[in-house]
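Q: Sharing coords_39.txt below, compact mmCIF, C-alpha atoms:
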# COMPACT_ATOMS: atom_id res chain seq x y z
CA MET A 219 0.00 0.00 0.00
CA ALA A 220 1.05 3.63 -0.22
CA ASP A 221 4.15 4.18 1.87
CA ALA A 222 4.07 7.98 1.79
CA VAL A 223 2.84 8.32 5.34
CA GLY A 224 5.16 7.62 8.23
CA GLY A 225 3.85 5.47 11.07
CA GLY A 226 4.15 8.09 13.80
CA ALA A 227 3.74 11.23 11.74
CA ARG A 228 1.06 13.71 12.57
CA LEU A 229 -1.04 14.09 9.45
CA ARG A 230 -3.90 16.11 8.11
CA ILE A 231 -5.62 16.31 4.77
CA VAL A 232 -4.85 19.72 3.30
CA ARG A 233 -7.07 21.90 1.18
CA GLN A 234 -6.10 22.63 -2.35
CA GLY A 235 -4.79 26.03 -3.25
CA GLY A 236 -1.42 27.56 -2.72
CA SER A 237 0.39 30.05 -0.60
CA LYS A 238 0.52 33.65 -1.79
CA ARG A 239 4.04 34.29 -0.58
CA LEU A 240 6.38 35.94 -3.07
CA GLN A 241 10.03 36.81 -2.78
CA GLN A 242 10.14 40.60 -2.67
CA GLY A 243 13.78 41.26 -1.83
CA PHE A 244 14.43 42.97 -5.14
CA LEU A 245 12.16 45.80 -4.02
CA LYS A 246 14.97 46.93 -1.75
CA MET A 247 16.97 48.01 -4.77
CA THR A 248 17.22 51.70 -5.47
CA LEU A 249 14.35 52.59 -7.77
CA GLY A 250 12.74 55.79 -8.83
CA LYS A 251 9.37 56.62 -7.34
CA LYS A 252 7.49 55.65 -10.50
CA SER A 253 9.43 52.41 -10.84
CA ARG A 254 8.66 51.41 -7.26
CA LEU A 255 4.99 52.13 -7.82
CA PHE A 256 4.96 50.04 -10.99
CA VAL A 257 6.66 47.08 -9.31
CA SER A 258 4.31 47.28 -6.32
CA LEU A 259 1.28 47.24 -8.59
CA ALA A 260 2.70 44.33 -10.56
CA LEU A 261 3.33 42.34 -7.40
CA ALA A 262 -0.17 43.06 -6.14
CA THR A 263 -1.60 41.80 -9.42
CA LEU A 264 0.43 38.60 -9.24
CA LEU A 265 -0.64 37.99 -5.67
CA VAL A 266 -4.30 38.43 -6.56
CA TRP A 267 -4.05 35.90 -9.37
CA GLY A 268 -2.18 33.33 -7.28
CA PHE A 269 1.06 33.44 -9.32
CA ARG A 270 3.96 31.41 -7.98
CA PRO A 271 7.61 31.89 -8.94
CA LEU A 272 8.79 29.52 -11.66
CA PHE A 273 11.44 26.99 -10.74
CA ALA A 274 12.70 23.85 -12.42
CA PHE A 275 10.63 20.95 -11.17
CA ASP A 276 12.61 17.80 -10.47
CA SER A 277 10.82 14.97 -12.30
CA SER A 278 12.15 12.46 -9.75
CA ARG A 279 9.67 13.95 -7.28
CA ILE A 280 6.87 12.32 -9.29
CA LYS A 281 6.60 8.55 -8.83
CA ILE A 282 4.48 6.39 -11.17
CA LEU A 283 3.23 3.38 -9.19
CA SER A 284 0.82 0.47 -9.12
CA ASP A 285 -0.48 -1.02 -5.86
CA PRO A 286 -3.17 -3.77 -5.77
CA ASN A 287 -3.38 -3.43 -1.97
CA LEU A 288 -4.53 0.15 -2.46
CA ASP A 289 -6.74 -0.73 -5.42
CA VAL A 290 -8.84 -3.24 -3.48
CA ILE A 291 -10.10 -0.47 -1.19
CA TYR A 292 -11.32 1.55 -4.16
CA HIS A 293 -12.59 -1.62 -5.81
CA THR A 294 -14.85 -2.07 -2.78
CA LEU A 295 -15.96 1.58 -2.74
CA ALA A 296 -16.73 1.35 -6.48
CA HIS A 297 -19.69 -0.88 -5.60
CA PHE A 298 -21.50 2.02 -3.86
CA ASN A 299 -23.27 4.57 -6.03
CA LEU A 300 -23.34 8.25 -5.01
CA PRO A 301 -25.28 9.96 -7.82
CA GLY A 302 -24.17 13.55 -8.38
CA ASP A 303 -21.28 13.37 -5.92
CA ARG A 304 -17.84 14.43 -7.18
CA PHE A 305 -16.23 11.49 -5.40
CA ASN A 306 -18.59 8.86 -6.77
CA LEU A 307 -16.41 5.90 -7.74
CA PHE A 308 -19.30 3.72 -8.87
CA SER A 309 -19.30 2.39 -12.40
CA GLU A 310 -21.95 -0.05 -13.56
CA ASP A 311 -19.59 -1.27 -16.27
CA TYR A 312 -16.81 -1.88 -13.73
CA VAL A 313 -19.09 -3.86 -11.37
CA ARG A 314 -20.38 -5.89 -14.32
CA ARG A 315 -16.81 -6.69 -15.36
CA MET A 316 -15.93 -7.78 -11.84
CA ASP A 317 -18.97 -10.06 -11.76
CA GLN A 318 -17.77 -11.64 -14.99
CA ALA A 319 -14.24 -11.99 -13.61
CA LYS A 320 -15.60 -13.84 -10.58
CA ARG A 321 -17.43 -16.24 -12.87
CA ASP A 322 -14.32 -16.73 -15.02
CA LEU A 323 -12.20 -17.45 -11.96
CA GLU A 324 -14.96 -19.62 -10.43
CA VAL A 325 -14.92 -17.59 -7.25
CA GLY A 326 -18.65 -17.41 -6.73
CA GLU A 327 -20.56 -14.79 -4.78
CA THR A 328 -18.57 -12.91 -2.14
CA ARG A 329 -19.69 -11.15 1.01
CA LEU A 330 -19.36 -7.82 -0.77
CA ASP A 331 -21.77 -9.00 -3.46
CA ARG A 332 -24.31 -10.00 -0.83
CA GLU A 333 -24.01 -6.90 1.36
CA ALA A 334 -23.23 -4.17 -1.19
CA ALA A 335 -26.82 -2.90 -1.39
CA ALA A 336 -27.13 -2.49 2.39
CA LEU A 337 -23.70 -0.86 2.63
CA GLU A 338 -24.53 1.49 -0.22
CA GLN A 339 -27.67 2.67 1.55
CA ARG A 340 -25.74 3.57 4.70
CA TYR A 341 -22.94 5.11 2.66
CA ARG A 342 -25.39 7.48 0.97
CA GLN A 343 -27.12 8.42 4.22
CA ARG A 344 -23.94 9.15 6.20
CA PRO A 345 -21.76 11.77 4.44
CA ARG A 346 -18.98 11.41 7.03
CA LEU A 347 -18.33 7.92 5.68
CA ARG A 348 -16.92 9.52 2.52
CA PHE A 349 -13.73 10.00 4.55
CA LEU A 350 -12.93 6.43 3.48
CA ILE A 351 -12.07 7.83 0.05
CA GLN A 352 -9.16 9.77 1.55
CA ALA A 353 -8.31 7.54 4.51
CA PRO A 354 -6.10 4.96 2.72
CA PHE A 355 -3.37 7.58 2.39
CA LEU A 356 -3.25 8.02 6.16
CA ALA A 357 -2.32 4.36 6.58
CA ASP A 358 1.04 2.70 6.04
CA ASP A 359 -0.40 -0.61 4.93
CA LEU A 360 -3.63 -2.39 4.08
CA SER A 361 -3.52 -4.66 7.13
CA SER A 362 -3.50 -1.72 9.56
CA PHE A 363 -6.23 0.01 7.58
CA LYS A 364 -8.53 -3.01 7.78
CA GLN A 365 -7.74 -3.73 11.41
CA ALA A 366 -8.32 -0.17 12.56
CA LEU A 367 -11.76 -0.17 10.96
CA ALA A 368 -12.63 -3.59 12.38
CA LEU A 369 -11.50 -2.56 15.90
CA ILE A 370 -12.93 0.94 15.83
CA ASP A 371 -14.72 0.22 19.17
CA TYR A 372 -11.53 -0.87 20.90
CA ASP A 373 -11.34 0.55 24.44
CA PHE A 374 -7.79 1.73 25.14
CA ARG A 375 -8.52 2.10 28.86
CA THR A 376 -9.74 -1.45 29.50
CA ARG A 377 -7.85 -2.95 26.56
CA THR A 378 -10.95 -4.82 25.45
CA VAL A 379 -13.33 -4.90 22.51
CA PRO A 380 -17.13 -5.09 22.97
CA VAL A 381 -18.54 -8.19 21.30
CA GLY A 382 -22.11 -9.34 20.69
CA PRO A 383 -25.53 -7.82 21.37
CA LYS A 384 -25.15 -8.02 25.16
CA GLY A 385 -21.97 -5.98 25.13
CA LYS A 386 -19.66 -8.78 26.24
CA ARG A 387 -16.00 -7.96 25.92
CA ARG A 388 -12.98 -9.84 24.71
CA LYS A 389 -9.42 -9.13 25.68
CA GLU A 390 -7.02 -7.06 23.62
CA PRO A 391 -6.33 -8.71 20.25
CA LEU A 392 -2.92 -8.84 18.65
CA MET A 393 -2.73 -5.36 17.12
CA PHE A 394 -0.44 -3.59 14.67
CA GLY A 395 1.23 -0.49 16.04
CA ASN A 396 -0.10 1.55 13.16
CA SER A 397 -3.64 0.37 13.96
CA ARG A 398 -3.34 2.03 17.37
CA ARG A 399 -2.68 5.33 15.62
CA LEU A 400 -5.52 4.92 13.13
CA ILE A 401 -8.27 3.80 15.53
CA PRO A 402 -8.61 7.24 17.20
CA VAL A 403 -8.64 8.86 13.74
CA PHE A 404 -11.50 6.65 12.54
CA ARG A 405 -13.35 6.95 15.82
CA ASN A 406 -13.20 10.73 15.66
CA ARG A 407 -14.47 10.71 12.07
CA PHE A 408 -17.18 8.07 12.57
CA GLN A 409 -18.89 9.08 15.80
CA ALA A 410 -22.38 7.66 15.26
CA PRO A 411 -23.01 3.97 16.12
CA GLN A 412 -24.34 3.40 12.58
CA GLU A 413 -21.13 4.77 11.10
CA ARG A 414 -18.99 2.49 13.24
CA GLU A 415 -21.10 -0.51 12.32
CA PHE A 416 -20.56 0.40 8.68
CA ALA A 417 -16.79 0.64 9.27
CA LYS A 418 -16.68 -2.86 10.78
CA GLN A 419 -18.88 -4.33 8.06
CA PHE A 420 -16.81 -2.62 5.37
CA ALA A 421 -13.61 -4.06 6.86
CA GLY A 422 -15.12 -7.55 6.86
CA CYS A 423 -16.19 -7.28 3.21
CA LEU A 424 -12.80 -5.87 2.27
CA GLU A 425 -10.97 -8.71 4.00
CA GLU A 426 -12.93 -11.45 2.26
CA GLU A 427 -12.96 -9.69 -1.12
CA LEU A 428 -9.17 -9.49 -1.03
CA SER A 429 -8.52 -13.10 -0.01
CA ARG A 430 -11.25 -14.80 -2.05
CA PHE A 431 -11.16 -12.77 -5.25
CA TYR A 432 -9.01 -9.68 -5.69
CA MET A 433 -5.57 -11.20 -5.14
CA LEU A 434 -6.40 -13.98 -7.60
CA TYR A 435 -7.86 -11.49 -10.07
CA ARG A 436 -4.76 -9.27 -10.08
CA GLU A 437 -2.46 -12.27 -10.44
CA ALA A 438 -4.46 -13.38 -13.47
CA ARG A 439 -4.03 -10.00 -15.15
CA THR A 440 -0.38 -9.39 -14.26
CA GLU A 441 0.80 -9.13 -17.88
CA TRP A 442 -2.07 -6.78 -18.74
CA ASP A 443 -1.21 -4.52 -15.81
CA GLN A 444 2.46 -4.47 -16.78
CA GLN A 445 1.58 -3.52 -20.36
CA GLY A 446 -0.66 -0.70 -19.14
CA MET A 447 2.18 0.63 -17.00
CA LYS A 448 4.54 0.53 -20.00
CA TRP A 449 2.09 2.46 -22.19
CA PHE A 450 1.66 5.17 -19.58
CA THR A 451 5.37 5.39 -18.79
CA SER A 452 6.18 5.73 -22.48
CA PHE A 453 3.78 8.66 -22.89
CA TRP A 454 4.98 10.16 -19.63
CA LYS A 455 8.61 10.19 -20.71
CA SER A 456 7.93 11.40 -24.25
CA GLN A 457 5.38 14.17 -23.52
CA GLY A 458 3.64 13.94 -20.17
CA MET A 459 6.31 15.34 -17.88
CA SER A 460 6.91 18.33 -20.14
CA ILE A 461 3.20 19.10 -20.16
CA LEU A 462 2.77 18.71 -16.40
CA GLU A 463 5.92 20.54 -15.29
CA PRO A 464 4.57 24.14 -15.17
CA TRP A 465 1.57 22.98 -13.14
CA ALA A 466 3.66 20.79 -10.85
CA SER A 467 6.05 23.68 -10.18
CA ARG A 468 3.16 25.83 -8.94
CA SER A 469 1.35 23.12 -6.99
CA GLU A 470 3.39 23.52 -3.77
CA VAL A 471 3.62 19.74 -3.69
CA THR A 472 6.76 18.17 -2.26
CA GLN A 473 6.20 14.79 -3.85
CA PHE A 474 3.68 13.28 -6.25
CA LYS A 475 2.65 9.64 -6.09
CA VAL A 476 0.64 8.66 -9.15
CA PHE A 477 -1.15 5.32 -8.82
CA LEU A 478 -2.34 3.66 -12.02
CA THR A 479 -5.42 1.65 -11.07
CA PRO A 480 -7.83 -0.51 -13.08
CA VAL A 481 -10.66 0.59 -10.78
CA MET A 482 -10.77 4.07 -12.32
CA LYS A 483 -12.32 4.63 -15.74
CA ARG A 484 -12.18 8.14 -17.26
CA ARG A 485 -11.87 9.77 -13.85
CA GLY A 486 -9.39 10.14 -11.04
CA LEU A 487 -8.87 11.22 -7.47
CA GLY A 488 -6.35 13.61 -5.93
CA VAL A 489 -5.64 13.48 -2.19
CA PRO A 490 -3.09 15.90 -0.66
CA VAL A 491 -1.67 14.99 2.74
CA GLU A 492 0.49 17.27 4.87
CA GLN A 493 3.34 15.61 6.73
CA GLY A 494 5.92 17.55 8.68
CA GLY A 495 5.43 20.72 6.65
CA GLU A 496 5.60 18.89 3.33
CA VAL A 497 2.69 18.14 0.99
CA LEU A 498 2.42 14.66 -0.47
CA PHE A 499 -0.02 14.55 -3.38
CA HIS A 500 -1.53 11.16 -4.18
CA VAL A 501 -3.33 10.83 -7.50
CA LEU A 502 -5.34 7.84 -8.65
CA THR A 503 -5.63 7.70 -12.42
CA PRO A 504 -6.87 4.96 -14.78
CA LEU A 505 -4.53 2.15 -15.75
CA PRO A 506 -4.60 2.35 -19.56
CA GLU A 507 -5.88 -0.61 -21.54
CA SER A 508 -4.41 0.61 -24.84
CA ARG A 509 -1.69 2.93 -26.10
CA GLN A 510 -4.31 5.63 -26.81
CA GLU A 511 -5.70 5.35 -23.28
CA ALA A 512 -2.25 6.20 -21.87
CA MET A 513 -2.86 9.77 -23.05
CA HIS A 514 -6.34 9.71 -21.49
CA SER A 515 -4.91 8.56 -18.15
CA PHE A 516 -2.46 11.44 -18.32
CA PHE A 517 -5.29 13.92 -18.94
CA VAL A 518 -6.85 12.78 -15.65
CA LEU A 519 -3.53 13.40 -13.86
CA LEU A 520 -3.25 16.80 -15.52
CA TYR A 521 -6.76 17.76 -14.41
CA GLU A 522 -6.17 16.75 -10.78
CA THR A 523 -2.85 18.64 -10.71
CA THR A 524 -4.32 21.70 -12.43
CA ARG A 525 -6.95 21.99 -9.71
CA ARG A 526 -4.30 22.74 -7.12
CA SER A 527 -3.62 26.02 -8.94
CA THR A 528 -7.07 26.81 -10.32
CA ASP A 529 -9.40 26.11 -7.38
CA PRO A 530 -8.49 29.50 -5.80
CA LEU A 531 -9.24 31.23 -9.12
CA ALA A 532 -12.86 30.08 -9.21
CA VAL A 533 -15.43 32.80 -8.48
CA ILE A 534 -18.48 31.17 -6.90
CA PRO A 535 -21.83 32.93 -7.51
CA GLY A 536 -24.21 33.26 -4.57
CA SER A 537 -26.78 30.55 -3.82
CA SER A 538 -29.75 30.48 -1.47
CA SER A 539 -29.40 26.80 -0.61
CA PRO A 540 -26.32 25.27 1.09
CA THR A 541 -26.89 22.04 -0.85
CA ASN A 542 -27.11 23.89 -4.16
CA ARG A 543 -24.06 25.94 -3.24
CA ALA A 544 -21.92 22.85 -2.61
CA SER A 545 -22.95 21.44 -5.97
CA MET A 546 -22.30 24.77 -7.67
CA GLU A 547 -18.86 25.15 -6.10
CA SER A 548 -17.88 21.69 -7.27
CA ARG A 549 -19.08 22.40 -10.80
CA VAL A 550 -17.41 25.82 -11.05
CA ARG A 551 -14.07 24.51 -9.77
CA LYS A 552 -14.20 21.57 -12.16
CA ASN A 553 -14.94 23.81 -15.13
CA THR A 554 -12.26 26.28 -14.05
CA ALA A 555 -9.62 23.53 -14.13
CA LEU A 556 -10.85 22.18 -17.45
CA LEU A 557 -10.77 25.62 -19.05
CA ALA A 558 -7.24 26.23 -17.77
CA ALA A 559 -5.97 22.91 -19.12
CA HIS A 560 -7.77 23.51 -22.43
CA LEU A 561 -6.24 26.98 -22.94
CA TYR A 562 -2.82 25.78 -21.85
CA LEU A 563 -2.74 22.81 -24.25
CA LYS A 564 -4.16 24.87 -27.09
CA THR A 565 -1.23 27.31 -27.05
CA ARG A 566 1.63 25.17 -25.72
CA PHE A 567 0.87 21.60 -26.82
CA PRO A 568 -1.51 21.73 -29.78
CA GLY A 569 -0.55 18.17 -30.76
CA VAL A 570 -2.55 16.71 -27.86
CA HIS A 571 -5.15 19.47 -27.56
CA ARG A 572 -7.77 17.83 -29.78
CA SER A 573 -7.43 14.51 -27.92
CA PHE A 574 -7.97 16.38 -24.65
CA LEU A 575 -11.21 17.93 -25.93
CA ASN A 576 -12.40 14.60 -27.32
CA PHE A 577 -11.67 12.83 -24.04
CA PHE A 578 -13.58 15.20 -21.76
CA LEU A 579 -16.41 15.57 -24.26
CA LYS A 580 -16.55 11.74 -24.35
CA LEU A 581 -16.36 11.70 -28.13
CA PRO A 582 -14.85 8.82 -30.09
CA ALA A 583 -11.47 9.55 -31.66
CA GLY A 584 -12.01 11.09 -35.08
CA LYS A 585 -15.56 12.22 -34.32
CA ALA A 586 -14.76 15.79 -35.41
CA SER A 587 -12.10 16.66 -37.95
CA GLU A 588 -11.40 20.21 -36.76
CA VAL A 589 -10.52 21.48 -33.29
CA GLU A 590 -12.50 24.63 -34.08
CA SER A 591 -15.71 22.60 -34.12
CA LEU A 592 -14.91 21.07 -30.72
CA GLU A 593 -14.19 24.27 -28.80
CA PRO A 594 -17.75 25.70 -28.89
CA LEU A 595 -19.06 22.31 -27.79
CA PHE A 596 -16.53 22.24 -24.95
CA ALA A 597 -17.56 25.75 -23.86
CA ARG A 598 -21.23 24.75 -23.79
CA GLN A 599 -20.65 21.55 -21.88
CA PHE A 600 -18.33 23.16 -19.31
CA PRO A 601 -19.60 26.74 -18.98
CA LEU A 602 -17.84 29.21 -16.73
CA ASN A 603 -18.83 32.62 -15.42
CA PRO A 604 -16.95 35.61 -16.90
CA ALA A 605 -15.13 36.50 -13.67
CA SER A 606 -13.62 33.02 -13.34
CA ARG A 607 -12.78 32.93 -17.04
CA ARG A 608 -10.85 36.22 -16.86
CA ARG A 609 -8.79 34.98 -13.92
CA VAL A 610 -8.01 31.69 -15.67
CA GLU A 611 -7.00 33.43 -18.90
CA ALA A 612 -4.66 35.75 -17.00
CA PHE A 613 -3.13 32.87 -15.07
CA VAL A 614 -2.56 30.63 -18.12
CA ALA A 615 -1.10 33.53 -20.10
CA ARG A 616 1.79 33.70 -17.60
CA LEU A 617 2.64 30.00 -17.81
CA PRO A 618 5.76 29.22 -19.85
Please re-express this file's structure in structure tokens.
A:
Amino acid sequence: MADAVGGGARLRIVRQGGSKRLQQGFLKMTLGKKSRLFVSLALATLLVWGFRPLFAFDSSRIKILSDPNLDVIYHTLAHFNLPGDRFNLFSEDYVRRMDQAKRDLEVGETRLDREAAALEQRYRQRPRLRFLIQAPFLADDLSSFKQALALIDYDFRTRTVPVGPKGKRRKEPLMFGNSRRLIPVFRNRFQAPQEREFAKQFAGCLEEELSRFYMLYREARTEWDQQGMKWFTSFWKSQGMSILEPWASRSEVTQFKVFLTPVMKRRGLGVPVEQGGEVLFHVLTPLPESRQEAMHSFFVLLYETTRRSTDPLAVIPGSSSPTNRASMESRVRKNTALLAAHLYLKTRFPGVHRSFLNFFLKLPAGKASEVESLEPLFARQFPLNPASRRRVEAFVARLP
């Protein structure tokens, strides 16, 4: 599983968006009154637009990885549908493919198959449970992650765990040291009894799904996974790093860990974690199933990275309803990032620009022969208010 998080480190999920600090030492130079005024105004403008100084980004700080122990968590979450939620991992096609894989491998029905509907209902009703989407990156390993969820009711004072409907208790089980750190985290996040019951049930389904099916499934597709990694790595070395570098240099991320996962299809997930003053950015992106899909997987990585710079640029219109406002904020920030990536590729990397438009418009390759016919369609599908658009255009114009 992801090893980015140290066992004893104090961690917190950090919000996207960067610092507005700028080196201003050159202002101490002797300047005329008008020159000082000009420089001050220029600095103020850069601060408003969230500009960060350009520096060469070390590509070794971006790791391209694959981790089945991480994937099985998202494989399990992909069985729960959250319509309209940005973090919805559900895919009917993916679940159908997993059902077929279980038949092919003669695994039969698993506990997750039997209990998915009940778990999904609780998952929808309890928004705090969505923390499970981010939580894997707070754990050092899958075993501790599962155990901490299963023992979420562990009593550190009595060193016992309540068992059964009558509240009987059993003595302290053999426990990983990292589980001791995670249990208070999960308990603080999942305070309601129903949430803790979900956590324990989820851990049980995850445990059986891994041992009965997922390990066997990933072993069966080892060559396929290796080929997908090669396709992505080839595109990454030839074009991807050059495209991502300006965004990575302004992301205020210390290290990227990019996980190629077969669970994701056409979407991704970015989770920043602060550790000891550094920001570790974990990105889940689809494991490509063809050479062409390697570019698509990269577009997902580009979008998630772009958001770290563009989320602060989004201007959110007022809304009377908190629910509507949350949905609006999500939509505006998404469209802000997409517009930024679109404008950036159009001027700097026109060779992949059309593929980018096709991918996010969900059009087959070759559907339109001219980029000019795609841009109006892109603008209609991902509309953005004028204030946000102006800020994005100004920001992208300053990128190298």
Q: Between A:Phe517, A:Trp449, A:Tyr312, A:Trp442, which is the closest to Ser573 of chain A once you count only C-alpha atoms?
A: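 Once distances to Ser573 of chain A are computed over only C-alpha atoms, the minimum belongs to A:Phe517.
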Q: When you draw a straight line from atom CA of Arg398 of chain A to atom CA of Ala366 of chain A, how long is it in Å?
A: 7.3 Å
Q: May I have a table of the residues of segment 489-535 of chain A lying at most 9 Å from segment 347-365 of chain A, giving each one's closest pair of atoms and their distance in Å to one decimal, counting all atoms listed in the file, ordered by chain and ascending residue number, as a tab-separated table?
A:
residue	atom	partner	partner_atom	distance
A:Val489	CA	A:Gln352	CA	6.3
A:Pro490	CA	A:Phe355	CA	8.9
A:Val491	CA	A:Phe355	CA	7.6
A:His500	CA	A:Phe355	CA	7.7
Q: Could you jot down the atom CA of Ala319 of chain A to atom CA of Gly302 of chain A separation for me, Å, one decimal place?
A: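 Between these atoms lies a distance of 27.9 Å.
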Q: Between A:Leu392, A:Val570, A:Phe453, A:Leu520, single out the one closest to Thr378 of chain A, counting only C-alpha atoms.
A: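 Checking each of A:Leu392, A:Val570, A:Phe453, A:Leu520 against Thr378 of chain A, counting only C-alpha atoms, the winner is A:Leu392.
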Q: Between atom CA of Ala512 of chain A and atom CA of Phe450 of chain A, what is the distance, to one decimal in Å?
A: 4.6 Å
Q: Asn553 of chain A: which residues within 10 Å, counting all atoms listed in the file, same-chain residues fewer than 6 positions away excluded, as an mmCIF file with C-alpha atoms, in the frame of the given file?
A:
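Final output, saved to around_29.cif:
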data_model
loop_
_atom_site.group_PDB
_atom_site.id
_atom_site.type_symbol
_atom_site.label_atom_id
_atom_site.label_comp_id
_atom_site.auth_asym_id
_atom_site.auth_seq_id
_atom_site.Cartn_x
_atom_site.Cartn_y
_atom_site.Cartn_z
ATOM 1 C CA ARG A 525 -6.950 21.990 -9.710
ATOM 2 C CA THR A 528 -7.070 26.810 -10.320
ATOM 3 C CA ASP A 529 -9.400 26.110 -7.380
ATOM 4 C CA ALA A 532 -12.860 30.080 -9.210
ATOM 5 C CA GLU A 547 -18.860 25.150 -6.100
ATOM 6 C CA ALA A 559 -5.970 22.910 -19.120
ATOM 7 C CA ALA A 597 -17.560 25.750 -23.860
ATOM 8 C CA GLN A 599 -20.650 21.550 -21.880
ATOM 9 C CA PHE A 600 -18.330 23.160 -19.310
ATOM 10 C CA PRO A 601 -19.600 26.740 -18.980
ATOM 11 C CA LEU A 602 -17.840 29.210 -16.730
ATOM 12 C CA ASN A 603 -18.830 32.620 -15.420
ATOM 13 C CA SER A 606 -13.620 33.020 -13.340
ATOM 14 C CA ARG A 607 -12.780 32.930 -17.040
#
Q: Rank A:Lys483, A:Phe474, A:Leu330, A:Phe613 by their smallest atom-to-atom distance to Phe308 of chain A, using all atoms listed in the file, and report the top residue only.
A: A:Lys483
Q: Taking (-9.5, 1.4, -4.8) in the file's coordinates as the center, which residues reach within 10 Å of it, counting all atoms listed in the file, put as a list in words?
A: Asp285, Pro286, Asn287, Leu288, Asp289, Val290, Ile291, Tyr292, His293, Thr294, Leu295, Ala296, Leu307, Ile351, Pro354, Thr479, Pro480, Val481, Met482 and Leu502 of chain A
Q: Counting only C-alpha atoms, find residues at most 12 Å from (-4.8, -12.3, -6.7) (file frame) and give them as a list in words.
A: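 Taken together, the residues in range are Pro286, Asn287, Asp289, Val290, Ala319, Lys320, Leu323, Val325, Glu427, Leu428, Ser429, Arg430, Phe431, Tyr432, Met433, Leu434, Tyr435, Arg436, Glu437, Ala438, Arg439 and Thr440 of chain A.
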Q: For the structure just given, write the atoms of segment 536-577 of chain A, namely C-alpha atoms, as a PDB file, in the first residue's frame.
A:
ATOM      1  CA  GLY A 536     -24.211  33.261  -4.571  1.00  0.00           C
ATOM      2  CA  SER A 537     -26.775  30.552  -3.819  1.00  0.00           C
ATOM      3  CA  SER A 538     -29.746  30.477  -1.469  1.00  0.00           C
ATOM      4  CA  SER A 539     -29.401  26.796  -0.611  1.00  0.00           C
ATOM      5  CA  PRO A 540     -26.316  25.268   1.088  1.00  0.00           C
ATOM      6  CA  THR A 541     -26.895  22.041  -0.850  1.00  0.00           C
ATOM      7  CA  ASN A 542     -27.108  23.886  -4.155  1.00  0.00           C
ATOM      8  CA  ARG A 543     -24.058  25.945  -3.238  1.00  0.00           C
ATOM      9  CA  ALA A 544     -21.921  22.851  -2.609  1.00  0.00           C
ATOM     10  CA  SER A 545     -22.946  21.441  -5.971  1.00  0.00           C
ATOM     11  CA  MET A 546     -22.301  24.774  -7.669  1.00  0.00           C
ATOM     12  CA  GLU A 547     -18.862  25.153  -6.096  1.00  0.00           C
ATOM     13  CA  SER A 548     -17.883  21.688  -7.269  1.00  0.00           C
ATOM     14  CA  ARG A 549     -19.077  22.396 -10.804  1.00  0.00           C
ATOM     15  CA  VAL A 550     -17.405  25.823 -11.053  1.00  0.00           C
ATOM     16  CA  ARG A 551     -14.073  24.512  -9.765  1.00  0.00           C
ATOM     17  CA  LYS A 552     -14.196  21.566 -12.158  1.00  0.00           C
ATOM     18  CA  ASN A 553     -14.944  23.810 -15.133  1.00  0.00           C
ATOM     19  CA  THR A 554     -12.259  26.278 -14.047  1.00  0.00           C
ATOM     20  CA  ALA A 555      -9.624  23.530 -14.125  1.00  0.00           C
ATOM     21  CA  LEU A 556     -10.853  22.183 -17.449  1.00  0.00           C
ATOM     22  CA  LEU A 557     -10.772  25.623 -19.050  1.00  0.00           C
ATOM     23  CA  ALA A 558      -7.240  26.229 -17.770  1.00  0.00           C
ATOM     24  CA  ALA A 559      -5.965  22.911 -19.117  1.00  0.00           C
ATOM     25  CA  HIS A 560      -7.766  23.508 -22.434  1.00  0.00           C
ATOM     26  CA  LEU A 561      -6.243  26.983 -22.941  1.00  0.00           C
ATOM     27  CA  TYR A 562      -2.821  25.779 -21.850  1.00  0.00           C
ATOM     28  CA  LEU A 563      -2.743  22.807 -24.246  1.00  0.00           C
ATOM     29  CA  LYS A 564      -4.157  24.869 -27.094  1.00  0.00           C
ATOM     30  CA  THR A 565      -1.232  27.311 -27.049  1.00  0.00           C
ATOM     31  CA  ARG A 566       1.634  25.168 -25.719  1.00  0.00           C
ATOM     32  CA  PHE A 567       0.875  21.604 -26.821  1.00  0.00           C
ATOM     33  CA  PRO A 568      -1.510  21.726 -29.785  1.00  0.00           C
ATOM     34  CA  GLY A 569      -0.553  18.172 -30.758  1.00  0.00           C
ATOM     35  CA  VAL A 570      -2.554  16.711 -27.865  1.00  0.00           C
ATOM     36  CA  HIS A 571      -5.153  19.468 -27.562  1.00  0.00           C
ATOM     37  CA  ARG A 572      -7.768  17.826 -29.784  1.00  0.00           C
ATOM     38  CA  SER A 573      -7.430  14.512 -27.915  1.00  0.00           C
ATOM     39  CA  PHE A 574      -7.968  16.382 -24.649  1.00  0.00           C
ATOM     40  CA  LEU A 575     -11.206  17.932 -25.932  1.00  0.00           C
ATOM     41  CA  ASN A 576     -12.403  14.604 -27.317  1.00  0.00           C
ATOM     42  CA  PHE A 577     -11.674  12.833 -24.045  1.00  0.00           C
TER      43      PHE A 577
END
